[in-house]
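Heads up, the thing below is written out as structure tokens.
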Amino acid sequence: MRNPSNETPSVNGIDDAADGPIRRCILSGEHEARDHLVRLALSPDGEVLPDVRAKAPGRGAWIGVTRAELEVAQAKGKLKGALSRAFKTGEIRIPDDLGARIETQLQRNLLDRLGLESRSGSVVTGGEKLDKAARSGKLHLLLHAADASEDGSRKLAQAWRVGSDQEGSDLKGLALPVPRTILSLALGRENVVHAGLIDARAARRVSEALDRWLHFIGPEHSP
């Protein structure tokens, strides 16, 4: 489950993730808020599929482990047993690439969320606009493409600390595991290297989607 080494940074000016319904991970047995876990659903023909937005009908099973832990459990047969108990049937089929499918859906969920917040006017891009928002205390979350320069990221982080009255702290932006081309497509803008959320609720929504994705892929794959 989660630990400080694989959590996303706190969103500036916002409490930690909002409380929500609690679910139990079928593999670890630990309980977490539903929005921190990943739901698995059963298709009509008995195939186990990821349902990261928890929209599929019927009984669901919840996992809070990393992809590496999931794949170990799958290889040992532990996952099938846990899913059979959760779905109350032995007639299930687990795709070999279940971990990859979950990771793809979690990435898509985060990028779609960023796109929605961008269209609502909650996302700022561009060095000058971001610097201004950061220094004026309007920035709530700072993100960088994986191929952003260290110098540019460092300067924006410093502006954020100044605007937040947190100079000397470790407040900084987060490098996403996607390059600028993917980030630009998600936001519907050209050459996006850095992006910031200027609405607190939007920042929380993005942070929660990002946390689930980064937790699942594991710290060894996170930038």
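Note on naming: chains are A, B, ... as they come in the structure tokens, residues start from 1 per chain, ligands start from 1 in the order shown.
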
Sel. of strand (DSSP E or B) residues, chain A, as an MDAnalysis selection string
chainID A and resid 22:24 31:33 38:42 47:50 60:63 93 123:125 141:144 174:175 194:197

Run DSSP on the backbone and grab whatever in stretch 34-216 of chain A lands in helix (DSSP H, G or I); send it over as a ChimeraX atom specification.
/A:34-36,67-76,78-87,98-119,127-135,150-163,180-187,200-216

Distance atom CA of A:Arg59-atom CA of A:Phe87, one decimal place?
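Distance reported for this atom pair: 6.4 Å.
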
When you draw a straight line from atom CA of A:Val162 to atom CA of A:Ser136, how long is it in Å?
8.7 Å

Using only C-alpha atoms, find each residue of stretch 79-179 of chain A with at least one atom at most 12 Å away from an atom of stretch 207-219 of chain A; report its shortest atom-to-atom pair and that distance in Å (one decimal), sort the rows by chain and rising residue number, and return the result as a Markdown table.
| residue | atom | partner | partner_atom | distance |
| --- | --- | --- | --- | --- |
| A:Gly99 | CA | A:Phe216 | CA | 9.0 |
| A:Ala100 | CA | A:Ile217 | CA | 9.4 |
| A:Arg101 | CA | A:Phe216 | CA | 11.6 |
| A:Ile102 | CA | A:Phe216 | CA | 8.5 |
| A:Glu103 | CA | A:Ile217 | CA | 6.8 |
| A:Thr104 | CA | A:Trp213 | CA | 9.1 |
| A:Gln105 | CA | A:Trp213 | CA | 8.8 |
| A:Leu106 | CA | A:Trp213 | CA | 5.2 |
| A:Gln107 | CA | A:Trp213 | CA | 6.2 |
| A:Arg108 | CA | A:Trp213 | CA | 9.4 |
| A:Asn109 | CA | A:Ala209 | CA | 6.9 |
| A:Leu110 | CA | A:Ala209 | CA | 5.2 |
| A:Leu111 | CA | A:Ala209 | CA | 8.9 |
| A:Asp112 | CA | A:Ala209 | CA | 9.8 |
| A:Arg113 | CA | A:Ala209 | CA | 7.7 |
| A:Leu114 | CA | A:Ala209 | CA | 9.4 |
| A:Glu117 | CA | A:Ser207 | CA | 11.9 |
| A:His140 | CA | A:Ser207 | CA | 10.1 |
| A:Leu141 | CA | A:Ser207 | CA | 7.9 |
| A:Leu142 | CA | A:Ser207 | CA | 10.1 |
| A:Leu143 | CA | A:Ser207 | CA | 10.1 |
| A:Gly173 | CA | A:Ser207 | CA | 11.6 |
| A:Leu174 | CA | A:Leu210 | CA | 10.0 |
| A:Ala175 | CA | A:Leu214 | CA | 10.9 |
| A:Leu176 | CA | A:Leu210 | CA | 8.7 |
| A:Pro177 | CA | A:Leu214 | CA | 8.6 |
| A:Val178 | CA | A:Leu214 | CA | 11.7 |

Write a file of the selected residues as a compact mmCIF listing (two decimals), in the first residue's frame, keeping N, CA and C atoms.
# COMPACT_ATOMS: atom_id res chain seq x y z
N GLY A 99 -1.86 -5.94 -15.67
CA GLY A 99 -1.11 -4.84 -15.09
C GLY A 99 -0.90 -3.71 -16.07
N ALA A 100 -0.56 -4.05 -17.31
CA ALA A 100 -0.35 -3.04 -18.34
C ALA A 100 -1.65 -2.31 -18.66
N ARG A 101 -2.76 -3.03 -18.68
CA ARG A 101 -4.06 -2.41 -18.96
C ARG A 101 -4.43 -1.41 -17.86
N ILE A 102 -4.19 -1.80 -16.61
CA ILE A 102 -4.49 -0.89 -15.50
C ILE A 102 -3.63 0.36 -15.61
N GLU A 103 -2.34 0.17 -15.87
CA GLU A 103 -1.45 1.33 -15.97
C GLU A 103 -1.89 2.27 -17.08
N THR A 104 -2.28 1.71 -18.23
CA THR A 104 -2.74 2.54 -19.35
C THR A 104 -3.99 3.32 -18.98
N GLN A 105 -4.93 2.65 -18.30
CA GLN A 105 -6.16 3.35 -17.90
C GLN A 105 -5.90 4.45 -16.89
N LEU A 106 -4.99 4.20 -15.95
CA LEU A 106 -4.68 5.22 -14.95
C LEU A 106 -4.00 6.43 -15.60
N GLN A 107 -3.11 6.18 -16.55
CA GLN A 107 -2.49 7.29 -17.27
C GLN A 107 -3.53 8.08 -18.05
N ARG A 108 -4.41 7.36 -18.74
CA ARG A 108 -5.46 8.02 -19.52
C ARG A 108 -6.38 8.83 -18.62
N ASN A 109 -6.69 8.30 -17.45
CA ASN A 109 -7.55 9.00 -16.51
C ASN A 109 -6.93 10.32 -16.06
N LEU A 110 -5.63 10.29 -15.78
CA LEU A 110 -4.94 11.51 -15.36
C LEU A 110 -4.88 12.53 -16.49
N LEU A 111 -4.54 12.09 -17.70
CA LEU A 111 -4.44 13.00 -18.83
C LEU A 111 -5.81 13.58 -19.21
N ASP A 112 -6.85 12.76 -19.12
CA ASP A 112 -8.20 13.26 -19.38
C ASP A 112 -8.61 14.30 -18.34
N ARG A 113 -8.25 14.06 -17.09
CA ARG A 113 -8.55 15.01 -16.03
C ARG A 113 -7.86 16.34 -16.27
N LEU A 114 -6.58 16.28 -16.67
CA LEU A 114 -5.84 17.50 -16.99
C LEU A 114 -6.51 18.25 -18.14
N GLU A 117 -9.65 20.03 -16.83
CA GLU A 117 -9.32 21.21 -16.03
C GLU A 117 -8.76 22.33 -16.91
N HIS A 140 -1.52 26.21 -7.09
CA HIS A 140 -1.82 25.14 -6.14
C HIS A 140 -1.13 23.83 -6.46
N LEU A 141 -0.71 23.64 -7.71
CA LEU A 141 -0.02 22.42 -8.10
C LEU A 141 0.83 22.72 -9.32
N LEU A 142 2.08 22.29 -9.29
CA LEU A 142 3.02 22.54 -10.37
C LEU A 142 3.49 21.21 -10.95
N LEU A 143 3.37 21.09 -12.27
CA LEU A 143 3.73 19.86 -12.96
C LEU A 143 4.75 20.15 -14.06
N GLY A 173 7.61 21.33 -7.79
CA GLY A 173 6.71 20.69 -8.73
C GLY A 173 7.02 19.22 -8.86
N LEU A 174 6.19 18.53 -9.65
CA LEU A 174 6.34 17.10 -9.84
C LEU A 174 6.56 16.80 -11.32
N ALA A 175 7.59 16.03 -11.62
CA ALA A 175 7.85 15.61 -12.99
C ALA A 175 6.94 14.43 -13.34
N LEU A 176 6.16 14.58 -14.38
CA LEU A 176 5.27 13.51 -14.82
C LEU A 176 6.04 12.48 -15.64
N PRO A 177 5.61 11.22 -15.65
CA PRO A 177 6.29 10.19 -16.44
C PRO A 177 5.90 10.24 -17.92
N VAL A 178 5.62 11.43 -18.46
CA VAL A 178 5.29 11.58 -19.88
C VAL A 178 6.06 12.79 -20.42

Do you know which residues are at most 9 Å from A:Arg161 counting only C-alpha atoms, after dropping those on the same chain fewer than 4 positions away, and could you put them as a CSV table (one decimal) with N, CA and C atoms, in the first residue's frame?
chain,number,residue,atom,x,y,z
A,134,ALA,N,2.7,31.8,-9.7
A,134,ALA,CA,3.4,31.3,-8.5
A,134,ALA,C,3.7,32.4,-7.6
A,135,ARG,N,4.3,33.5,-8.0
A,135,ARG,CA,4.7,34.5,-7.2
A,135,ARG,C,3.5,35.3,-6.5
A,137,GLY,N,0.9,33.8,-5.4
A,137,GLY,CA,0.2,32.9,-4.5
A,137,GLY,C,-1.0,32.2,-5.1
A,156,LEU,N,10.9,27.7,-11.4
A,156,LEU,CA,9.4,27.8,-11.2
A,156,LEU,C,9.1,27.3,-9.7
A,157,ALA,N,9.8,26.3,-9.3
A,157,ALA,CA,9.6,25.8,-7.9
A,157,ALA,C,10.0,26.9,-6.9
A,165,ASP,N,5.0,31.8,0.6
A,165,ASP,CA,5.7,32.0,1.9
A,165,ASP,C,6.3,30.8,2.5
A,166,GLN,N,6.9,30.0,1.6
A,166,GLN,CA,7.5,28.7,2.1
A,166,GLN,C,8.9,28.6,1.6
A,167,GLU,N,9.6,29.7,1.6
A,167,GLU,CA,11.0,29.7,1.2
A,167,GLU,C,11.8,28.8,2.2
A,168,GLY,N,12.7,28.0,1.7
A,168,GLY,CA,13.5,27.1,2.5
A,168,GLY,C,12.8,25.8,2.7
A,169,SER,N,11.6,25.6,2.2
A,169,SER,CA,10.9,24.3,2.3
A,169,SER,C,11.3,23.5,1.1
A,170,ASP,N,10.7,22.3,1.1
A,170,ASP,CA,11.0,21.4,0.0
A,170,ASP,C,9.8,21.4,-1.0
A,171,LEU,N,9.0,22.4,-1.0
A,171,LEU,CA,7.9,22.6,-1.9
A,171,LEU,C,8.4,22.7,-3.3
A,172,LYS,N,8.0,21.8,-4.2
A,172,LYS,CA,8.4,21.9,-5.6
A,172,LYS,C,7.4,21.2,-6.5

Within 12 Å of A:Gly58, counting only C-alpha atoms, which residues show up once you throw out same-chain ones fewer than 6 positions away? Write them as a PDB file with all heavy atoms, in the first residue's frame, please.
ATOM      1  N   ARG A  39     -10.449  -0.266  -9.074  1.00  0.00           N
ATOM      2  CA  ARG A  39     -11.530  -1.255  -9.135  1.00  0.00           C
ATOM      3  C   ARG A  39     -11.326  -2.183 -10.328  1.00  0.00           C
ATOM      4  O   ARG A  39     -10.966  -1.733 -11.422  1.00  0.00           O
ATOM      5  CB  ARG A  39     -12.890  -0.555  -9.253  1.00  0.00           C
ATOM      6  CG  ARG A  39     -14.102  -1.493  -9.187  1.00  0.00           C
ATOM      7  CD  ARG A  39     -15.391  -0.684  -9.246  1.00  0.00           C
ATOM      8  NE  ARG A  39     -16.568  -1.495  -8.975  1.00  0.00           N
ATOM      9  CZ  ARG A  39     -17.337  -2.049  -9.921  1.00  0.00           C
ATOM     10  NH1 ARG A  39     -17.054  -1.874 -11.208  1.00  0.00           N
ATOM     11  NH2 ARG A  39     -18.400  -2.761  -9.594  1.00  0.00           N
ATOM     12  N   LEU A  40     -11.575  -3.459 -10.107  1.00  0.00           N
ATOM     13  CA  LEU A  40     -11.594  -4.447 -11.180  1.00  0.00           C
ATOM     14  C   LEU A  40     -13.022  -4.932 -11.338  1.00  0.00           C
ATOM     15  O   LEU A  40     -13.748  -5.107 -10.353  1.00  0.00           O
ATOM     16  CB  LEU A  40     -10.675  -5.621 -10.851  1.00  0.00           C
ATOM     17  CG  LEU A  40      -9.193  -5.281 -10.613  1.00  0.00           C
ATOM     18  CD1 LEU A  40      -8.415  -6.532 -10.231  1.00  0.00           C
ATOM     19  CD2 LEU A  40      -8.581  -4.631 -11.846  1.00  0.00           C
ATOM     20  N   ALA A  41     -13.438  -5.122 -12.575  1.00  0.00           N
ATOM     21  CA  ALA A  41     -14.805  -5.568 -12.861  1.00  0.00           C
ATOM     22  C   ALA A  41     -14.749  -6.838 -13.701  1.00  0.00           C
ATOM     23  O   ALA A  41     -13.720  -7.165 -14.300  1.00  0.00           O
ATOM     24  CB  ALA A  41     -15.579  -4.474 -13.585  1.00  0.00           C
ATOM     25  N   LEU A  42     -15.874  -7.523 -13.759  1.00  0.00           N
ATOM     26  CA  LEU A  42     -15.980  -8.772 -14.506  1.00  0.00           C
ATOM     27  C   LEU A  42     -16.864  -8.543 -15.733  1.00  0.00           C
ATOM     28  O   LEU A  42     -17.998  -8.071 -15.614  1.00  0.00           O
ATOM     29  CB  LEU A  42     -16.586  -9.853 -13.614  1.00  0.00           C
ATOM     30  CG  LEU A  42     -16.284 -11.309 -13.949  1.00  0.00           C
ATOM     31  CD1 LEU A  42     -14.790 -11.579 -13.942  1.00  0.00           C
ATOM     32  CD2 LEU A  42     -17.004 -12.222 -12.976  1.00  0.00           C
ATOM     33  N   SER A  43     -16.326  -8.860 -16.911  1.00  0.00           N
ATOM     34  CA  SER A  43     -17.105  -8.698 -18.142  1.00  0.00           C
ATOM     35  C   SER A  43     -18.143  -9.817 -18.229  1.00  0.00           C
ATOM     36  O   SER A  43     -18.056 -10.822 -17.512  1.00  0.00           O
ATOM     37  CB  SER A  43     -16.181  -8.752 -19.356  1.00  0.00           C
ATOM     38  OG  SER A  43     -15.702 -10.073 -19.563  1.00  0.00           O
ATOM     39  N   PRO A  44     -19.139  -9.687 -19.121  1.00  0.00           N
ATOM     40  CA  PRO A  44     -20.164 -10.729 -19.246  1.00  0.00           C
ATOM     41  C   PRO A  44     -19.594 -12.112 -19.579  1.00  0.00           C
ATOM     42  O   PRO A  44     -20.189 -13.130 -19.223  1.00  0.00           O
ATOM     43  CB  PRO A  44     -21.042 -10.204 -20.387  1.00  0.00           C
ATOM     44  CG  PRO A  44     -20.894  -8.712 -20.311  1.00  0.00           C
ATOM     45  CD  PRO A  44     -19.467  -8.492 -19.924  1.00  0.00           C
ATOM     46  N   ASP A  51     -11.332  -1.103 -14.116  1.00  0.00           N
ATOM     47  CA  ASP A  51     -12.445  -0.141 -14.133  1.00  0.00           C
ATOM     48  C   ASP A  51     -12.039   1.030 -13.238  1.00  0.00           C
ATOM     49  O   ASP A  51     -12.602   1.232 -12.171  1.00  0.00           O
ATOM     50  CB  ASP A  51     -13.724  -0.820 -13.632  1.00  0.00           C
ATOM     51  CG  ASP A  51     -14.914   0.129 -13.555  1.00  0.00           C
ATOM     52  OD1 ASP A  51     -14.980   1.075 -14.362  1.00  0.00           O
ATOM     53  OD2 ASP A  51     -15.765  -0.079 -12.666  1.00  0.00           O
ATOM     54  N   ALA A  86     -13.823 -12.656  -4.360  1.00  0.00           N
ATOM     55  CA  ALA A  86     -14.481 -11.349  -4.448  1.00  0.00           C
ATOM     56  C   ALA A  86     -15.696 -11.385  -5.365  1.00  0.00           C
ATOM     57  O   ALA A  86     -16.741 -10.805  -5.056  1.00  0.00           O
ATOM     58  CB  ALA A  86     -13.484 -10.297  -4.932  1.00  0.00           C
ATOM     59  N   PHE A  87     -15.559 -12.078  -6.489  1.00  0.00           N
ATOM     60  CA  PHE A  87     -16.656 -12.144  -7.458  1.00  0.00           C
ATOM     61  C   PHE A  87     -17.592 -13.323  -7.189  1.00  0.00           C
ATOM     62  O   PHE A  87     -18.603 -13.482  -7.875  1.00  0.00           O
ATOM     63  CB  PHE A  87     -16.102 -12.244  -8.886  1.00  0.00           C
ATOM     64  CG  PHE A  87     -15.428 -10.989  -9.365  1.00  0.00           C
ATOM     65  CD1 PHE A  87     -14.117 -11.015  -9.822  1.00  0.00           C
ATOM     66  CD2 PHE A  87     -16.098  -9.773  -9.367  1.00  0.00           C
ATOM     67  CE1 PHE A  87     -13.488  -9.866 -10.280  1.00  0.00           C
ATOM     68  CE2 PHE A  87     -15.481  -8.618  -9.812  1.00  0.00           C
ATOM     69  CZ  PHE A  87     -14.167  -8.658 -10.272  1.00  0.00           C
ATOM     70  N   LYS A  88     -17.206 -14.148  -6.216  1.00  0.00           N
ATOM     71  CA  LYS A  88     -18.014 -15.313  -5.825  1.00  0.00           C
ATOM     72  C   LYS A  88     -18.257 -16.266  -6.999  1.00  0.00           C
ATOM     73  O   LYS A  88     -19.348 -16.808  -7.176  1.00  0.00           O
ATOM     74  CB  LYS A  88     -19.355 -14.861  -5.213  1.00  0.00           C
ATOM     75  CG  LYS A  88     -19.179 -14.015  -3.961  1.00  0.00           C
ATOM     76  CD  LYS A  88     -20.487 -13.719  -3.306  1.00  0.00           C
ATOM     77  CE  LYS A  88     -20.312 -12.818  -2.090  1.00  0.00           C
ATOM     78  NZ  LYS A  88     -19.387 -13.333  -1.081  1.00  0.00           N
TER      79      LYS A  88
END

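Residue neighbourhood of stretch 24-28 of chain A, excluding near-sequence residues (fewer than 4 positions): A:Trp62, A:Ile63, A:Gly64, A:Ala82, at 6 Å, using only C-alpha atoms.
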
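Atom pair atom CA of A:Ala186 / atom CA of A:Lys155: separated by 24.0 Å.
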